[in-house]
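Raw contents of start_30.csv, CSV, C-alpha atoms:
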chain,number,residue,atom,x,y,z
A,1,MET,CA,0.0,0.0,0.0
A,2,ALA,CA,1.3,3.5,-0.9
A,3,THR,CA,2.2,5.8,1.9
A,4,THR,CA,-0.8,7.9,2.7
A,5,PHE,CA,-0.6,11.1,4.7
A,6,VAL,CA,-3.8,12.4,6.5
A,7,GLN,CA,-4.4,16.0,7.5
A,8,PHE,CA,-7.2,17.5,9.5
A,9,LEU,CA,-7.3,21.3,9.0
A,10,PHE,CA,-9.6,23.3,11.3
A,11,TYR,CA,-10.4,26.8,10.2
A,12,ARG,CA,-11.9,29.8,12.0
A,13,LEU,CA,-13.8,32.3,10.0
A,14,ASP,CA,-13.1,36.1,10.3
A,15,PRO,CA,-16.4,37.7,11.3
A,16,ALA,CA,-15.7,40.4,8.6
A,17,TRP,CA,-16.8,37.7,6.1
A,18,ARG,CA,-20.4,37.9,7.3
A,19,ARG,CA,-20.5,41.6,6.6
A,20,LEU,CA,-19.8,41.1,2.9
A,21,ARG,CA,-22.6,41.3,0.4
A,22,GLU,CA,-24.2,37.9,-0.4
A,23,GLU,CA,-23.1,38.0,-4.0
A,24,GLU,CA,-19.5,38.8,-3.0
A,25,ARG,CA,-19.4,35.8,-0.6
A,26,ALA,CA,-20.9,33.5,-3.2
A,27,CYS,CA,-18.2,34.5,-5.8
A,28,ARG,CA,-15.4,34.1,-3.3
A,29,SER,CA,-16.7,30.8,-2.0
A,30,SER,CA,-16.9,29.4,-5.5
A,31,GLU,CA,-13.2,30.3,-6.1
A,32,PHE,CA,-12.2,28.5,-2.9
A,33,ALA,CA,-14.3,25.4,-3.9
A,34,ASP,CA,-12.8,25.4,-7.4
A,35,ALA,CA,-9.3,25.4,-5.8
A,36,VAL,CA,-10.1,22.5,-3.6
A,37,GLU,CA,-11.8,20.5,-6.3
A,38,GLY,CA,-8.9,21.1,-8.7
A,39,GLU,CA,-6.3,19.6,-6.4
A,40,ASP,CA,-4.5,16.7,-8.1
A,41,GLY,CA,-3.7,13.7,-5.9
A,42,ILE,CA,-5.4,15.1,-2.8
A,43,THR,CA,-8.8,13.8,-1.6
A,44,THR,CA,-10.8,16.3,0.6
A,45,TYR,CA,-13.9,15.9,2.7
A,46,SER,CA,-15.6,19.0,4.1
A,47,TYR,CA,-17.4,19.6,7.4
A,48,ASN,CA,-19.2,22.7,8.6
A,49,MET,CA,-18.7,23.3,12.3
A,50,THR,CA,-20.2,26.8,12.8
A,51,GLY,CA,-21.9,26.9,16.2
A,52,LEU,CA,-20.5,23.6,17.4
A,53,LYS,CA,-17.2,24.6,18.9
A,54,THR,CA,-15.7,28.0,19.7
A,55,GLY,CA,-13.1,29.1,17.2
A,56,THR,CA,-13.8,26.5,14.5
A,57,ASP,CA,-16.1,26.9,11.5
A,58,LEU,CA,-14.8,24.6,8.9
A,59,LEU,CA,-12.9,21.3,8.8
A,60,LEU,CA,-11.1,20.0,5.7
A,61,TRP,CA,-10.1,16.3,6.1
A,62,ARG,CA,-7.6,15.6,3.4
A,63,HIS,CA,-5.3,12.7,2.4
A,64,GLY,CA,-2.7,12.2,-0.2
A,65,THR,CA,0.7,10.5,-0.9
A,66,ASP,CA,2.8,13.6,-0.8
A,67,LEU,CA,3.0,15.7,2.4
A,68,ALA,CA,4.8,18.5,0.7
A,69,GLU,CA,1.9,18.8,-1.8
A,70,LEU,CA,-0.6,18.8,1.0
A,71,GLN,CA,1.3,21.7,2.6
A,72,ALA,CA,1.6,23.6,-0.7
A,73,SER,CA,-2.1,23.1,-1.3
A,74,ALA,CA,-3.0,24.6,2.0
A,75,SER,CA,-0.9,27.6,1.1
A,76,ARG,CA,-2.8,28.0,-2.2
A,77,LEU,CA,-6.1,27.9,-0.4
A,78,HIS,CA,-4.9,30.8,1.7
A,79,HIS,CA,-4.3,32.9,-1.4
A,80,THR,CA,-8.0,32.6,-2.5
A,81,ALA,CA,-10.3,35.5,-1.6
A,82,LEU,CA,-12.2,33.3,1.0
A,83,GLY,CA,-8.9,31.9,2.2
A,84,ARG,CA,-7.9,35.4,3.4
A,85,TYR,CA,-10.8,35.2,5.8
A,86,LEU,CA,-9.8,31.8,7.3
A,87,ASP,CA,-7.3,31.1,10.0
A,88,ILE,CA,-6.0,27.6,10.8
A,89,THR,CA,-6.8,27.0,14.5
A,90,HIS,CA,-5.7,23.3,14.6
A,91,SER,CA,-3.8,21.1,12.2
A,92,TYR,CA,-3.2,17.4,12.8
A,93,ILE,CA,-1.1,15.2,10.5
A,94,GLY,CA,-0.3,11.5,10.5
A,95,LEU,CA,0.0,8.3,8.4
A,96,ILE,CA,-2.3,5.4,7.6
A,97,ARG,CA,-0.6,2.3,9.0
A,98,SER,CA,-1.6,-1.3,9.8
A,99,SER,CA,-2.8,-1.7,13.4
A,100,THR,CA,-0.4,-3.3,15.9
A,101,TYR,CA,-3.3,-5.0,17.7
A,102,VAL,CA,-5.6,-6.1,14.9
A,103,ARG,CA,-4.4,-8.7,12.4
A,104,ARG,CA,-7.5,-8.7,10.2
A,105,GLN,CA,-9.2,-5.3,10.1
A,106,GLN,CA,-12.9,-5.3,9.4
A,107,ALA,CA,-14.7,-2.7,7.2
A,108,GLN,CA,-15.6,-0.9,10.5
A,109,GLU,CA,-11.9,-0.3,11.1
A,110,GLN,CA,-10.9,0.5,7.5
A,111,ALA,CA,-13.0,3.6,7.0
A,112,ALA,CA,-10.1,6.0,6.6
A,113,LEU,CA,-9.9,5.6,2.8
A,114,SER,CA,-13.5,4.9,2.2
A,115,THR,CA,-15.2,7.1,-0.4
A,116,GLU,CA,-18.4,7.3,1.5
A,117,ARG,CA,-18.6,9.5,4.5
A,118,GLY,CA,-21.0,9.4,7.5
A,119,THR,CA,-23.1,12.3,8.6
A,120,TYR,CA,-21.2,13.0,11.8
A,121,LEU,CA,-17.4,12.9,12.4
A,122,VAL,CA,-15.9,13.1,15.9
A,123,VAL,CA,-12.2,13.8,15.9
A,124,TYR,CA,-9.6,14.2,18.7
A,125,PRO,CA,-5.8,13.9,19.2
A,126,PHE,CA,-4.8,11.0,21.4
A,127,THR,CA,-1.7,10.1,23.4
A,128,LYS,CA,-1.0,7.1,25.7
A,129,THR,CA,1.0,7.3,28.9
A,130,ALA,CA,4.7,6.2,29.0
A,131,ASP,CA,3.6,3.4,31.4
A,132,TRP,CA,1.5,1.9,28.6
A,133,TYR,CA,4.6,1.1,26.5
A,134,LEU,CA,6.4,-0.3,29.5
A,135,LEU,CA,3.7,-3.0,29.8
A,136,SER,CA,4.4,-6.3,28.1
A,137,LYS,CA,3.1,-6.7,24.6
A,138,ALA,CA,0.8,-9.5,25.8
A,139,THR,CA,-0.7,-7.3,28.5
A,140,ARG,CA,-1.3,-4.5,26.1
A,141,GLN,CA,-2.9,-6.9,23.6
A,142,GLY,CA,-5.2,-8.2,26.2
A,143,MET,CA,-6.4,-4.7,27.1
A,144,MET,CA,-6.8,-3.8,23.4
A,145,ASN,CA,-8.8,-7.0,22.8
A,146,GLU,CA,-11.3,-5.8,25.3
A,147,HIS,CA,-11.4,-2.4,23.6
A,148,ILE,CA,-11.9,-4.0,20.2
A,149,LYS,CA,-14.6,-6.4,21.4
A,150,ILE,CA,-16.7,-3.5,22.7
A,151,GLY,CA,-16.1,-1.5,19.5
A,152,HIS,CA,-17.4,-4.4,17.4
A,153,GLU,CA,-20.7,-4.3,19.4
A,154,TYR,CA,-21.3,-1.0,17.7
A,155,GLU,CA,-20.6,-2.0,14.1
A,156,GLN,CA,-22.6,1.1,12.9
A,157,VAL,CA,-19.9,3.3,14.3
A,158,LYS,CA,-16.8,3.4,12.1
A,159,GLN,CA,-13.3,4.2,13.4
A,160,ILE,CA,-10.5,6.1,11.7
A,161,LEU,CA,-7.1,5.7,13.3
A,162,VAL,CA,-4.2,7.9,12.0
A,163,HIS,CA,-0.6,7.4,13.4
A,164,SER,CA,1.1,10.7,14.3
A,165,PHE,CA,4.0,9.7,16.6
A,166,GLY,CA,7.2,11.3,15.5
A,167,LEU,CA,5.4,13.6,13.1
A,168,ASP,CA,3.1,15.7,15.4
A,169,ASP,CA,2.5,16.4,19.1
A,170,GLN,CA,-0.1,13.6,19.6
A,171,GLU,CA,0.6,9.9,19.0
A,172,PHE,CA,-2.6,9.3,17.1
A,173,ILE,CA,-5.6,11.1,15.6
A,174,VAL,CA,-8.7,9.2,16.4
A,175,ALA,CA,-12.0,9.8,14.5
A,176,TYR,CA,-15.3,8.1,14.5
A,177,GLU,CA,-18.1,8.3,11.9
A,178,THR,CA,-21.7,7.7,12.8
A,179,GLU,CA,-25.2,8.4,11.8
A,180,ASP,CA,-26.4,8.6,15.4
A,181,LEU,CA,-24.4,10.5,18.0
A,182,LEU,CA,-26.3,8.8,20.8
A,183,ASP,CA,-24.9,5.4,19.6
A,184,PHE,CA,-21.4,6.9,19.6
A,185,GLN,CA,-21.8,8.4,23.1
A,186,THR,CA,-23.0,5.1,24.4
A,187,LEU,CA,-19.9,3.4,22.9
A,188,VAL,CA,-17.7,6.0,24.6
A,189,MET,CA,-19.4,5.3,28.0
A,190,ASP,CA,-18.7,1.6,27.6
A,191,LEU,CA,-15.0,2.2,26.7
A,192,ARG,CA,-14.5,4.5,29.8
A,193,SER,CA,-14.7,1.4,32.1
A,194,THR,CA,-12.1,-0.7,30.3
A,195,ASP,CA,-8.7,-1.4,31.9
A,196,GLY,CA,-6.8,0.4,29.2
A,197,ARG,CA,-8.6,3.7,29.9
A,198,LYS,CA,-6.1,4.6,32.8
A,199,TYR,CA,-3.3,4.6,30.3
A,200,THR,CA,-4.8,7.5,28.3
A,201,LEU,CA,-2.6,10.6,28.8
A,202,SER,CA,-4.7,13.0,26.6
A,203,ASP,CA,-7.7,12.9,24.3
A,204,THR,CA,-8.8,16.5,23.9
A,205,PRO,CA,-9.8,18.8,22.3
A,206,ILE,CA,-12.8,16.9,20.8
A,207,PHE,CA,-14.4,18.1,17.6
A,208,THR,CA,-17.9,17.1,16.6
A,209,CYS,CA,-18.4,17.9,12.9
A,210,VAL,CA,-21.2,17.6,10.3
A,211,HIS,CA,-20.3,16.4,6.9
A,212,ARG,CA,-21.5,18.6,4.0
A,213,PRO,CA,-20.7,18.7,0.3
A,214,LEU,CA,-18.0,21.4,0.0
A,215,ARG,CA,-20.1,24.1,-1.6
A,216,GLU,CA,-22.9,23.6,0.9
A,217,ALA,CA,-20.4,23.7,3.8
A,218,LEU,CA,-19.1,27.0,2.4
A,219,ASP,CA,-22.6,28.4,2.0
A,220,LEU,CA,-23.1,27.9,5.7
A,221,LEU,CA,-20.2,30.1,6.6
A,222,VAL,CA,-22.4,33.0,7.5

Please rewrite the model in this file as structure tokens.
Amino acid sequence: MATTFVQFLFYRLDPAWRRLREEERACRSSEFADAVEGEDGITTYSYNMTGLKTGTDLLLWRHGTDLAELQASASRLHHTALGRYLDITHSYIGLIRSSTYVRRQQAQEQAALSTERGTYLVVYPFTKTADWYLLSKATRQGMMNEHIKIGHEYEQVKQILVHSFGLDDQEFIVAYETEDLLDFQTLVMDLRSTDGRKYTLSDTPIFTCVHRPLREALDLLV
């Protein structure tokens, strides 16, 4: 499998954008959308977040085989008329790799490169404690087996795991796709009582995002 880099770009909208005339916003949004859709070798999924979390209005979830091109693309977006009204508030990068703990991944665990996206996406950076890695591999596998078993009880909730260690501040980017946030929250409640939970060092901030086609997501930036 080719090396695949994943990037989650969270943007905050300058309030001055809302004071522009509707026709002017539409024209500038169209330019931005054209720039995203014209990217070669980069797949982008868009999420509107206005009103869901302070300081974030738009998420672009992107992946490609060339990190330098992902970076150059982000720069090109900043040079569009809408891009001048957008500030990056969070940026997470990582790689798609095979899981250390799952030999045969099911479709539920292979959602990262799927072409179909769920309505809701919940994303957060994740880091284990140092003590976790000092445990024996068998002990860690046992705890992860419990975690995986519970996850499989919620087959309608799909997981995306991106490996960031050595490339970014967090060790992983964890994301879940779902059509029902109550189902997802119940899954989280069940996972909180597992033995592996005490080895979580950090798993915030948490972003709850709504998937929208790009031009629709941009139209909601008002």

Local residues around (-21.4, 6.7, 9.6), at most 8 Å away, using only C-alpha atoms, as a list in words: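 Those residues, ordered by chain and then number, are Arg117, Gly118, Thr119, Tyr120, Leu121, Gln156, Val157, Lys158, Tyr176, Glu177, Thr178, Glu179 and Asp180 of chain A.
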
Counting all atoms listed in the file, the option among A:Ala33, A:Val102, A:Leu9, A:Ile88 closest to Pro213 in chain A: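 Of all the options, A:Ala33 lies closest to Pro213 in chain A.
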
Spatial sel., origin (-2.7, 22.5, -0.7), limit 12 Å, all atoms listed in the file, listed as a PDB file with C-alpha atoms, in the coordinates of the input:
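Generated file (selection38.pdb):
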ATOM      1  CA  GLN A   7      -4.400  16.000   7.500  1.00  0.00           C
ATOM      2  CA  LEU A   9      -7.300  21.300   9.000  1.00  0.00           C
ATOM      3  CA  PHE A  32     -12.200  28.500  -2.900  1.00  0.00           C
ATOM      4  CA  ALA A  35      -9.300  25.400  -5.800  1.00  0.00           C
ATOM      5  CA  VAL A  36     -10.100  22.500  -3.600  1.00  0.00           C
ATOM      6  CA  GLU A  37     -11.800  20.500  -6.300  1.00  0.00           C
ATOM      7  CA  GLY A  38      -8.900  21.100  -8.700  1.00  0.00           C
ATOM      8  CA  GLU A  39      -6.300  19.600  -6.400  1.00  0.00           C
ATOM      9  CA  ASP A  40      -4.500  16.700  -8.100  1.00  0.00           C
ATOM     10  CA  GLY A  41      -3.700  13.700  -5.900  1.00  0.00           C
ATOM     11  CA  ILE A  42      -5.400  15.100  -2.800  1.00  0.00           C
ATOM     12  CA  THR A  43      -8.800  13.800  -1.600  1.00  0.00           C
ATOM     13  CA  THR A  44     -10.800  16.300   0.600  1.00  0.00           C
ATOM     14  CA  LEU A  60     -11.100  20.000   5.700  1.00  0.00           C
ATOM     15  CA  TRP A  61     -10.100  16.300   6.100  1.00  0.00           C
ATOM     16  CA  ARG A  62      -7.600  15.600   3.400  1.00  0.00           C
ATOM     17  CA  HIS A  63      -5.300  12.700   2.400  1.00  0.00           C
ATOM     18  CA  GLY A  64      -2.700  12.200  -0.200  1.00  0.00           C
ATOM     19  CA  ASP A  66       2.800  13.600  -0.800  1.00  0.00           C
ATOM     20  CA  LEU A  67       3.000  15.700   2.400  1.00  0.00           C
ATOM     21  CA  ALA A  68       4.800  18.500   0.700  1.00  0.00           C
ATOM     22  CA  GLU A  69       1.900  18.800  -1.800  1.00  0.00           C
ATOM     23  CA  LEU A  70      -0.600  18.800   1.000  1.00  0.00           C
ATOM     24  CA  GLN A  71       1.300  21.700   2.600  1.00  0.00           C
ATOM     25  CA  ALA A  72       1.600  23.600  -0.700  1.00  0.00           C
ATOM     26  CA  SER A  73      -2.100  23.100  -1.300  1.00  0.00           C
ATOM     27  CA  ALA A  74      -3.000  24.600   2.000  1.00  0.00           C
ATOM     28  CA  SER A  75      -0.900  27.600   1.100  1.00  0.00           C
ATOM     29  CA  ARG A  76      -2.800  28.000  -2.200  1.00  0.00           C
ATOM     30  CA  LEU A  77      -6.100  27.900  -0.400  1.00  0.00           C
ATOM     31  CA  HIS A  78      -4.900  30.800   1.700  1.00  0.00           C
ATOM     32  CA  HIS A  79      -4.300  32.900  -1.400  1.00  0.00           C
ATOM     33  CA  THR A  80      -8.000  32.600  -2.500  1.00  0.00           C
ATOM     34  CA  GLY A  83      -8.900  31.900   2.200  1.00  0.00           C
TER      35      GLY A  83
END

Point out the residue among A:Ile173, A:Val210, A:Ala26, A:Ala112 with the least atom-to-atom distance to Gly94 in chain A, counting only C-alpha atoms. A:Ile173

Using all atoms listed in the file, which residues sit within 9 Å of Gly196 in chain A once same-chain residues fewer than 3 positions away are excluded, as a PyMOL selection string? chain A and resi 132+140+143-144+146-147+191-193+199-200

Repaired coordinates for range 137-152 of chain A (N, CA, C and O atoms) as a PDB file, in the frame of the given file:
ATOM      1  N   LYS A 137       3.921  -6.747  25.793  1.00  0.00           N
ATOM      2  CA  LYS A 137       3.100  -6.700  24.600  1.00  0.00           C
ATOM      3  C   LYS A 137       1.813  -7.561  24.832  1.00  0.00           C
ATOM      4  O   LYS A 137       0.719  -7.178  24.389  1.00  0.00           O
ATOM      5  N   ALA A 138       1.935  -8.675  25.541  1.00  0.00           N
ATOM      6  CA  ALA A 138       0.800  -9.500  25.800  1.00  0.00           C
ATOM      7  C   ALA A 138      -0.259  -8.808  26.663  1.00  0.00           C
ATOM      8  O   ALA A 138      -1.467  -8.939  26.436  1.00  0.00           O
ATOM      9  N   THR A 139       0.220  -8.050  27.648  1.00  0.00           N
ATOM     10  CA  THR A 139      -0.700  -7.300  28.500  1.00  0.00           C
ATOM     11  C   THR A 139      -1.426  -6.233  27.721  1.00  0.00           C
ATOM     12  O   THR A 139      -2.647  -6.058  27.839  1.00  0.00           O
ATOM     13  N   ARG A 140      -0.673  -5.522  26.887  1.00  0.00           N
ATOM     14  CA  ARG A 140      -1.300  -4.500  26.100  1.00  0.00           C
ATOM     15  C   ARG A 140      -2.315  -5.100  25.086  1.00  0.00           C
ATOM     16  O   ARG A 140      -3.395  -4.555  24.880  1.00  0.00           O
ATOM     17  N   GLN A 141      -1.938  -6.230  24.505  1.00  0.00           N
ATOM     18  CA  GLN A 141      -2.900  -6.900  23.600  1.00  0.00           C
ATOM     19  C   GLN A 141      -4.146  -7.298  24.256  1.00  0.00           C
ATOM     20  O   GLN A 141      -5.239  -7.151  23.696  1.00  0.00           O
ATOM     21  N   GLY A 142      -4.039  -7.801  25.483  1.00  0.00           N
ATOM     22  CA  GLY A 142      -5.200  -8.200  26.200  1.00  0.00           C
ATOM     23  C   GLY A 142      -6.166  -7.037  26.465  1.00  0.00           C
ATOM     24  O   GLY A 142      -7.395  -7.168  26.314  1.00  0.00           O
ATOM     25  N   MET A 143      -5.613  -5.896  26.841  1.00  0.00           N
ATOM     26  CA  MET A 143      -6.400  -4.700  27.100  1.00  0.00           C
ATOM     27  C   MET A 143      -7.066  -4.228  25.762  1.00  0.00           C
ATOM     28  O   MET A 143      -8.234  -3.811  25.721  1.00  0.00           O
ATOM     29  N   MET A 144      -6.300  -4.282  24.697  1.00  0.00           N
ATOM     30  CA  MET A 144      -6.800  -3.800  23.400  1.00  0.00           C
ATOM     31  C   MET A 144      -7.899  -4.798  22.890  1.00  0.00           C
ATOM     32  O   MET A 144      -8.852  -4.372  22.232  1.00  0.00           O
ATOM     33  N   ASN A 145      -7.758  -6.089  23.205  1.00  0.00           N
ATOM     34  CA  ASN A 145      -8.800  -7.000  22.800  1.00  0.00           C
ATOM     35  C   ASN A 145     -10.137  -6.676  23.415  1.00  0.00           C
ATOM     36  O   ASN A 145     -11.187  -6.787  22.768  1.00  0.00           O
ATOM     37  N   GLU A 146     -10.095  -6.237  24.680  1.00  0.00           N
ATOM     38  CA  GLU A 146     -11.300  -5.800  25.300  1.00  0.00           C
ATOM     39  C   GLU A 146     -11.895  -4.568  24.634  1.00  0.00           C
ATOM     40  O   GLU A 146     -13.107  -4.474  24.385  1.00  0.00           O
ATOM     41  N   HIS A 147     -11.019  -3.645  24.307  1.00  0.00           N
ATOM     42  CA  HIS A 147     -11.400  -2.400  23.600  1.00  0.00           C
ATOM     43  C   HIS A 147     -12.035  -2.740  22.253  1.00  0.00           C
ATOM     44  O   HIS A 147     -13.100  -2.207  21.875  1.00  0.00           O
ATOM     45  N   ILE A 148     -11.389  -3.625  21.518  1.00  0.00           N
ATOM     46  CA  ILE A 148     -11.900  -4.000  20.200  1.00  0.00           C
ATOM     47  C   ILE A 148     -13.193  -4.726  20.257  1.00  0.00           C
ATOM     48  O   ILE A 148     -14.101  -4.487  19.436  1.00  0.00           O
ATOM     49  N   LYS A 149     -13.344  -5.604  21.252  1.00  0.00           N
ATOM     50  CA  LYS A 149     -14.600  -6.400  21.400  1.00  0.00           C
ATOM     51  C   LYS A 149     -15.776  -5.413  21.620  1.00  0.00           C
ATOM     52  O   LYS A 149     -16.834  -5.576  21.008  1.00  0.00           O
ATOM     53  N   ILE A 150     -15.600  -4.418  22.459  1.00  0.00           N
ATOM     54  CA  ILE A 150     -16.700  -3.500  22.700  1.00  0.00           C
ATOM     55  C   ILE A 150     -16.961  -2.667  21.416  1.00  0.00           C
ATOM     56  O   ILE A 150     -18.123  -2.443  21.047  1.00  0.00           O
ATOM     57  N   GLY A 151     -15.916  -2.268  20.712  1.00  0.00           N
ATOM     58  CA  GLY A 151     -16.100  -1.500  19.500  1.00  0.00           C
ATOM     59  C   GLY A 151     -16.921  -2.296  18.463  1.00  0.00           C
ATOM     60  O   GLY A 151     -17.773  -1.728  17.766  1.00  0.00           O
ATOM     61  N   HIS A 152     -16.689  -3.608  18.375  1.00  0.00           N
ATOM     62  CA  HIS A 152     -17.400  -4.400  17.400  1.00  0.00           C
ATOM     63  C   HIS A 152     -18.884  -4.590  17.760  1.00  0.00           C
ATOM     64  O   HIS A 152     -19.686  -4.975  16.900  1.00  0.00           O
TER      65      HIS A 152
END
